[in-house]
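J.: Enclosed is the structure file work_35.cif (mmCIF, C-alpha atoms).
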```cif
data_query
loop_
_atom_site.label_atom_id
_atom_site.label_comp_id
_atom_site.auth_asym_id
_atom_site.auth_seq_id
_atom_site.Cartn_x
_atom_site.Cartn_y
_atom_site.Cartn_z
CA MET A 1 148.26 30.45 28.35
CA ALA A 2 149.95 32.30 31.22
CA LYS A 3 146.59 32.94 32.85
CA GLU A 4 145.64 29.25 32.69
CA THR A 5 149.00 28.26 34.18
CA TYR A 6 148.59 30.77 37.03
CA THR A 7 145.06 29.49 37.73
CA SER A 8 146.20 25.87 37.81
CA ILE A 9 149.08 26.71 40.16
CA LYS A 10 146.73 28.57 42.53
CA SER A 11 144.19 25.75 42.50
CA TYR A 12 146.95 23.22 43.11
CA GLN A 13 148.25 25.20 46.07
CA PHE A 14 144.73 25.50 47.46
CA LYS A 15 144.13 21.76 47.15
CA GLU A 16 147.41 21.04 48.92
CA THR A 17 146.33 23.12 51.94
CA PRO A 18 145.09 20.81 54.71
CA LYS A 19 141.38 20.95 55.43
CA SER A 20 141.99 21.70 59.10
CA VAL A 21 144.06 24.75 58.18
CA ARG A 22 141.34 26.05 55.86
CA ILE A 23 138.68 25.57 58.57
CA ALA A 24 140.86 27.30 61.16
CA PHE A 25 141.42 30.21 58.76
CA GLN A 26 137.67 30.56 58.16
CA VAL A 27 136.95 30.46 61.90
CA LEU A 28 139.58 33.11 62.63
CA LYS A 29 138.19 35.29 59.86
CA TYR A 30 134.66 35.22 61.24
CA VAL A 31 135.89 35.66 64.82
CA PHE A 32 137.77 38.78 63.71
CA LEU A 33 134.64 40.14 61.97
CA VAL A 34 132.51 39.48 65.05
CA VAL A 35 135.04 41.25 67.27
CA CYS A 36 135.05 44.26 64.91
CA CYS A 37 131.24 44.40 65.02
CA LEU A 38 131.25 44.25 68.81
CA VAL A 39 133.82 47.06 69.01
CA VAL A 40 131.44 49.25 67.01
CA LEU A 41 128.12 48.15 68.54
CA ILE A 42 128.99 47.91 72.26
CA PRO A 43 129.63 51.67 72.72
CA LEU A 44 126.36 52.45 70.92
CA VAL A 45 124.44 50.07 73.20
CA ILE A 46 126.03 51.64 76.30
CA VAL A 47 125.11 55.14 75.09
CA LEU A 48 121.53 54.13 74.27
CA LEU A 49 120.97 52.40 77.64
CA GLY A 50 122.62 55.25 79.52
CA SER A 51 120.39 57.82 77.83
CA LEU A 52 117.31 56.11 79.31
CA LYS A 53 118.50 56.08 82.94
CA THR A 54 118.45 58.63 85.73
CA GLY A 55 121.70 60.14 86.94
CA THR A 56 121.72 58.06 90.14
CA GLU A 57 120.79 54.87 88.30
CA TYR A 58 123.55 55.39 85.75
CA LEU A 59 126.21 55.83 88.45
CA GLN A 60 125.07 52.88 90.58
CA SER A 61 124.12 50.28 87.98
CA ASN A 62 126.05 48.30 85.42
CA VAL A 63 126.47 49.99 82.06
CA PHE A 64 124.70 47.06 80.35
CA ALA A 65 121.82 46.96 82.85
CA LEU A 66 118.40 47.85 81.48
CA PRO A 67 116.78 50.99 82.92
CA GLU A 68 114.10 50.38 85.54
CA VAL A 69 111.89 53.09 84.07
CA PRO A 70 112.96 54.57 80.70
CA GLN A 71 113.64 58.29 81.15
CA PHE A 72 112.61 59.80 77.82
CA SER A 73 112.69 63.19 79.50
CA ASN A 74 116.48 63.09 79.07
CA TYR A 75 115.98 63.59 75.34
CA ILE A 76 113.70 66.57 75.94
CA THR A 77 116.27 68.13 78.29
CA ALA A 78 119.11 67.54 75.82
CA PHE A 79 117.06 68.95 72.96
CA THR A 80 115.92 72.10 74.78
CA LYS A 81 118.58 73.02 77.33
CA GLY A 82 121.41 71.55 75.29
CA HIS A 83 120.52 73.61 72.19
CA VAL A 84 120.99 70.52 70.02
CA LEU A 85 118.78 71.90 67.25
CA LEU A 86 120.83 75.11 67.09
CA GLY A 87 124.02 73.07 67.08
CA LEU A 88 122.77 70.90 64.24
CA GLY A 89 121.83 73.97 62.21
CA ASN A 90 125.20 75.63 62.70
CA THR A 91 127.03 72.40 61.97
CA PHE A 92 125.17 71.73 58.73
CA LEU A 93 125.76 75.34 57.62
CA ILE A 94 129.49 74.90 58.12
CA GLU A 95 129.35 71.41 56.56
CA ILE A 96 127.64 72.51 53.33
CA ILE A 97 129.89 75.51 52.66
CA SER A 98 133.09 73.69 53.68
CA CYS A 99 132.35 70.55 51.63
CA PHE A 100 131.39 72.58 48.54
CA GLY A 101 134.50 74.75 48.86
CA THR A 102 136.72 71.71 49.40
CA ILE A 103 135.40 70.00 46.27
CA ILE A 104 135.91 73.07 44.08
CA THR A 105 139.31 74.15 45.38
CA GLY A 106 140.58 70.60 45.83
CA THR A 107 139.69 69.40 42.32
CA MET A 108 141.04 72.58 40.72
CA THR A 109 144.31 72.34 42.63
CA ALA A 110 144.69 68.64 41.85
CA PHE A 111 143.95 69.30 38.15
CA VAL A 112 146.70 71.91 37.92
CA LEU A 113 149.27 69.93 39.91
CA GLN A 114 148.64 66.64 38.14
CA ARG A 115 148.21 67.84 34.56
CA PHE A 116 150.95 70.50 34.42
CA SER A 117 154.46 69.16 34.97
CA MET A 118 156.48 72.27 35.75
CA LEU A 119 158.97 73.36 38.37
CA TYR A 120 156.48 75.19 40.55
CA THR A 121 154.01 72.28 40.55
CA LYS A 122 156.76 69.95 41.78
CA ILE A 123 157.65 72.45 44.51
CA VAL A 124 153.99 72.71 45.58
CA LYS A 125 153.67 68.92 45.68
CA THR A 126 156.73 68.72 47.91
CA ILE A 127 155.36 71.42 50.22
CA PHE A 128 152.03 69.58 50.44
CA LEU A 129 153.85 66.38 51.38
CA ILE A 130 155.86 68.15 54.10
CA VAL A 131 152.76 69.88 55.50
CA ALA A 132 150.83 66.59 55.58
CA LEU A 133 153.56 65.07 57.76
CA LEU A 134 153.41 67.90 60.32
CA PRO A 135 150.94 67.53 63.23
CA SER A 136 148.27 70.20 62.92
CA ILE A 137 148.23 70.85 66.67
CA SER A 138 151.81 72.16 66.50
CA MET A 139 150.73 75.04 64.22
CA GLN A 140 147.59 76.11 66.10
CA VAL A 141 149.23 79.02 67.91
CA THR A 142 150.29 80.61 64.63
CA VAL A 143 146.96 79.81 62.97
CA PHE A 144 145.01 81.32 65.85
CA GLN A 145 147.08 84.51 65.71
CA ILE A 146 146.41 84.81 61.96
CA VAL A 147 142.68 84.23 62.39
CA ASN A 148 142.52 86.71 65.25
CA ALA A 149 144.48 89.33 63.26
CA MET A 150 142.02 88.97 60.38
CA GLY A 151 139.14 89.67 62.76
CA LEU A 152 137.54 86.28 62.12
CA HIS A 153 137.60 84.92 65.65
CA ASP A 154 134.13 83.88 66.81
CA ASN A 155 132.98 84.10 63.19
CA TYR A 156 131.65 81.25 61.05
CA LEU A 157 134.21 82.11 58.37
CA ALA A 158 137.07 81.01 60.65
CA PRO A 159 136.29 77.25 60.71
CA ILE A 160 135.01 77.32 57.12
CA LEU A 161 138.25 78.80 55.76
CA MET A 162 140.29 76.38 57.86
CA TYR A 163 138.35 73.34 56.65
CA ILE A 164 138.67 74.44 53.03
CA GLY A 165 142.24 75.72 53.01
CA THR A 166 144.04 73.07 55.05
CA ASP A 167 142.66 69.90 53.48
CA ILE A 168 145.81 68.39 51.93
CA VAL A 169 144.40 64.86 52.16
CA SER A 170 141.51 65.66 49.79
CA ILE A 171 143.91 67.10 47.22
CA GLN A 172 146.01 63.94 47.39
CA ILE A 173 142.90 61.78 46.87
CA PHE A 174 141.88 63.82 43.81
CA MET A 175 145.41 63.60 42.39
CA GLN A 176 145.42 59.81 42.80
CA PHE A 177 142.15 59.52 40.89
CA LEU A 178 143.40 61.92 38.20
CA ASP A 179 146.29 59.53 37.53
CA ASN A 180 143.71 57.02 36.23
CA ILE A 181 142.09 59.53 33.85
CA SER A 182 143.83 59.45 30.48
CA VAL A 183 145.43 62.66 29.25
CA SER A 184 144.18 61.79 25.75
CA LEU A 185 140.72 62.90 26.86
CA ASP A 186 142.10 66.39 27.51
CA GLU A 187 143.88 66.42 24.17
CA SER A 188 140.71 65.38 22.34
CA ALA A 189 138.82 68.19 24.02
CA PHE A 190 141.50 70.70 23.03
CA LEU A 191 141.20 69.57 19.39
CA GLU A 192 137.47 70.31 19.60
CA GLY A 193 138.24 73.85 20.70
CA CYS A 194 137.77 73.39 24.45
CA SER A 195 139.75 75.53 26.87
CA TYR A 196 141.36 74.47 30.16
CA PRO A 197 138.34 75.60 32.23
CA GLY A 198 136.10 73.72 29.80
CA VAL A 199 138.15 70.55 30.20
CA TYR A 200 137.90 70.86 33.96
CA TRP A 201 134.13 71.45 34.08
CA ARG A 202 133.08 69.08 31.28
CA ILE A 203 135.55 66.19 31.58
CA ILE A 204 137.61 66.18 34.79
CA LEU A 205 134.96 67.14 37.34
CA PRO A 206 132.31 64.61 36.14
CA MET A 207 134.89 61.80 36.05
CA LEU A 208 136.01 62.59 39.60
CA ARG A 209 132.65 61.59 41.09
CA PRO A 210 134.08 58.52 42.89
CA ALA A 211 136.78 60.67 44.47
CA ILE A 212 134.26 63.37 45.34
CA ALA A 213 132.06 60.79 47.09
CA THR A 214 135.06 59.56 49.07
CA VAL A 215 136.11 63.06 50.08
CA LEU A 216 132.56 64.06 51.05
CA VAL A 217 132.23 61.11 53.42
CA ILE A 218 135.61 61.78 55.06
CA LYS A 219 135.01 65.53 55.22
CA PHE A 220 131.48 65.27 56.59
CA VAL A 221 132.45 62.92 59.41
CA GLY A 222 135.58 64.94 60.23
CA ILE A 223 133.72 68.26 60.56
CA TYR A 224 130.79 66.68 62.39
CA ASN A 225 133.08 65.24 65.07
CA ASP A 226 135.50 68.16 65.32
CA PHE A 227 135.30 69.64 68.81
CA TYR A 228 138.64 71.43 68.93
CA THR A 229 138.14 73.83 66.00
CA ALA A 230 134.58 74.75 66.96
CA ASN A 231 135.43 75.29 70.62
CA LEU A 232 138.50 77.43 69.88
CA TYR A 233 137.42 79.55 66.92
CA ILE A 234 133.64 79.97 67.45
CA PRO A 235 133.20 79.61 71.22
CA HIS A 236 129.90 81.52 71.28
CA HIS A 237 128.34 79.66 68.35
CA GLU A 238 127.35 76.14 69.32
CA THR A 239 127.81 73.17 67.04
CA VAL A 240 126.94 69.51 67.51
CA SER A 241 130.26 68.78 69.17
CA THR A 242 130.14 71.75 71.57
CA ALA A 243 126.41 71.90 72.41
CA LEU A 244 126.58 68.92 74.77
CA TYR A 245 129.58 70.42 76.55
CA ASN A 246 127.13 72.57 78.52
CA PHE A 247 126.26 69.54 80.66
CA ILE A 248 129.84 69.13 81.88
CA GLY A 249 130.63 71.25 84.91
CA PRO A 250 133.36 71.57 87.53
CA TYR A 251 131.53 69.22 89.91
CA GLY A 252 130.67 66.43 87.48
CA ALA A 253 128.84 65.66 84.27
CA GLN A 254 125.22 64.77 83.51
CA TRP A 255 126.10 61.71 81.45
CA GLU A 256 122.51 60.58 80.97
CA ILE A 257 121.71 63.94 79.28
CA ILE A 258 124.93 63.83 77.26
CA PHE A 259 124.13 60.31 76.05
CA ALA A 260 120.63 61.40 75.05
CA GLY A 261 122.13 64.28 73.07
CA ILE A 262 124.60 61.91 71.41
CA VAL A 263 121.72 59.68 70.27
CA ILE A 264 119.90 62.73 68.87
CA CYS A 265 123.04 63.81 67.00
CA ILE A 266 123.57 60.32 65.57
CA VAL A 267 120.09 60.19 63.99
CA PRO A 268 120.68 62.80 61.20
CA THR A 269 123.94 61.24 60.07
CA LEU A 270 122.38 57.77 60.17
CA ILE A 271 119.48 58.92 57.99
CA ILE A 272 121.82 60.62 55.51
CA PHE A 273 124.07 57.57 55.27
CA LEU A 274 121.21 55.10 54.83
CA SER A 275 119.61 57.25 52.13
CA LEU A 276 122.87 57.76 50.21
CA GLN A 277 124.69 54.48 50.82
CA LYS A 278 123.82 53.00 47.40
CA SER A 279 125.18 55.99 45.51
CA ILE A 280 128.25 56.17 47.77
CA TYR A 281 129.09 52.50 47.29
CA SER A 282 128.44 52.59 43.54
CA ASN A 283 130.69 55.63 43.12
CA LEU A 284 133.46 54.05 45.15
CA VAL A 285 133.28 50.80 43.19
CA SER A 286 133.14 52.59 39.83
CA GLY A 287 136.50 54.19 40.57
CA SER A 288 138.18 50.86 41.28
CA VAL A 289 137.96 49.52 37.71
CA LYS A 290 139.90 51.12 34.91
CA GLU A 291 138.37 50.60 31.49
#
```
Can you turn what I pasted into structure tokens?

T.:
Amino acid sequence: MAKETYTSIKSYQFKETPKSVRIAFQVLKYVFLVVCCLVVLIPLVIVLLGSLKTGTEYLQSNVFALPEVPQFSNYITAFTKGHVLLGLGNTFLIEIISCFGTIITGTMTAFVLQRFSMLYTKIVKTIFLIVALLPSISMQVTVFQIVNAMGLHDNYLAPILMYIGTDIVSIQIFMQFLDNISVSLDESAFLEGCSYPGVYWRIILPMLRPAIATVLVIKFVGIYNDFYTANLYIPHHETVSTALYNFIGPYGAQWEIIFAGIVICIVPTLIIFLSLQKSIYSNLVSGSVKE
């Protein structure tokens, strides 16, 4: 009865709204969506057009002007002299290990903090909240000294350990999803003779697939675009974000080569996203409905 009353009230309010107001609202909505699309697409168009121009043509022509003669040699230069392939290999190595470590450590930490209500878990939650509010750049001097003292500077382990050990956001996401998983499932497993590790591996981890998909997307994009960590902690090991930095010198930058390298670096992520978008969307939607 309450649901029918609520529906009738909403329909009545909608009917009372003037038609001109509804049309204006629809127009504003689509205008906003078009503007958002342009904000995303215009930089990509500029990069693509710039990658096909010569250095002189790029500096003298409009950014939206078509190239007189497409310079596909820019892509060859970016791929060979820019060490893009080496950067992609190093980046994906760091990505795979960091994402796997984040999923394991993040889900385990969230399982302990969310399922066990004790004094130390409350203290850890408070510390996580305080750390999340602090800007990471303010702690880089101390972090660099620790990494250097451990002998990990210019070693792949430095960024990997940092990506795994400082990801408070992923733990918070896992804890939010764990709130929607009933504790009765754990209790039923205990009655069947299952231990805490068994509950984690057989029940919690499979049910956290929507959260894992969310964290993987955020983590992958964050590591792929991270220039600061790669440039500071592994300066002699090029990644995607640092490989193109070779074309920036004290007397200027070869933007046409840099744009070509950016296009090359976009292709792998575009292929991965297009091939996994159905599973990503389905996992995200499956976590939005509580049965």

J.: Can you tell me, as an MDAnalysis selection string, what residues are no more than 10 Å from region 94-111 of chain A when counting all atoms listed in the file, ignoring any on the same chain fewer than 5 positions away?

T.: chainID A and resid 88:89 116 121 125 156:157 159:178 196:197 199:201 204:205 208 211:213 215:224 239

J.: What does the structure give for the distance between CA of Val40 (chain A) and CA of Ser275 (chain A), in Å to one decimal?

T.: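 Calculated distance between CA of Val40 (chain A) and CA of Ser275 (chain A) is 20.6 Å.
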
J.: Can you pull out the residues contacting Leu232 (chain A)? Cut-off 9 Å, using only C-alpha atoms, and skip same-chain residues under 5 positions away; I want them as a PyMOL selection string.

T.: chain A and resi 144+153-154+227

J.: List the neighbours of Ile203 (chain A) out to 9 Å using only C-alpha atoms; skip same-chain residues closer than 4 positions along the sequence, and give me the result as a list of chain:residue names.

T.: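 Once the adjacent positions are removed, what remains is A:Leu185, A:Asp186, A:Ala189, A:Gly198, A:Val199, A:Met207, A:Leu208.
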
J.: I need the residue nearest Glu68 (chain A) from this list: A:Met139, A:Leu85, A:Leu49, A:Ile257. Use all atoms listed in the file for the distance.

T.: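 Counting all atoms listed in the file, the residue closest to Glu68 (chain A) is A:Leu49.
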
J.: Just the number, please: distance in Å from CA of Ile266 (chain A) to CA of Glu238 (chain A), one decimal.

T.: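 Between these atoms lies a distance of 16.7 Å.
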
J.: Quick one: pull the distance between CA of Lys53 (chain A) and CA of Val69 (chain A), Å, one decimal.

T.: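 Going from CA of Lys53 (chain A) over to CA of Val69 (chain A), I get 7.3 Å.
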
J.: Expand the PyMOL selection byres ((chain A and resi 67) around 12) into the explicit residue set it covers here, and present it as a list of chain:residue names.

T.: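 After applying the PyMOL selection byres ((chain A and resi 67) around 12), what remains is A:Ile46, A:Leu48, A:Leu49, A:Gly50, A:Ser51, A:Leu52, A:Lys53, A:Thr54, A:Gly55, A:Thr56, A:Glu57, A:Tyr58, A:Leu59, A:Gln60, A:Ser61, A:Asn62, A:Val63, A:Phe64, A:Ala65, A:Leu66, A:Glu68, A:Val69, A:Pro70, A:Gln71, A:Phe72, A:Glu256.
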
J.: Could you pull the residues within 9 Å of Gly87 (chain A), counting all atoms listed in the file, minus those fewer than 5 positions along the same chain, as a ChimeraX atom specification?

T.: /A:82,92,237-243

J.: Identify the residues within 12 Å of coordinate (148.5, 77.0, 67.2) (same frame as the file), considering all atoms listed in the file, and give the answer as a PyMOL selection string.

T.: chain A and resi 135-148+228-229+232-233
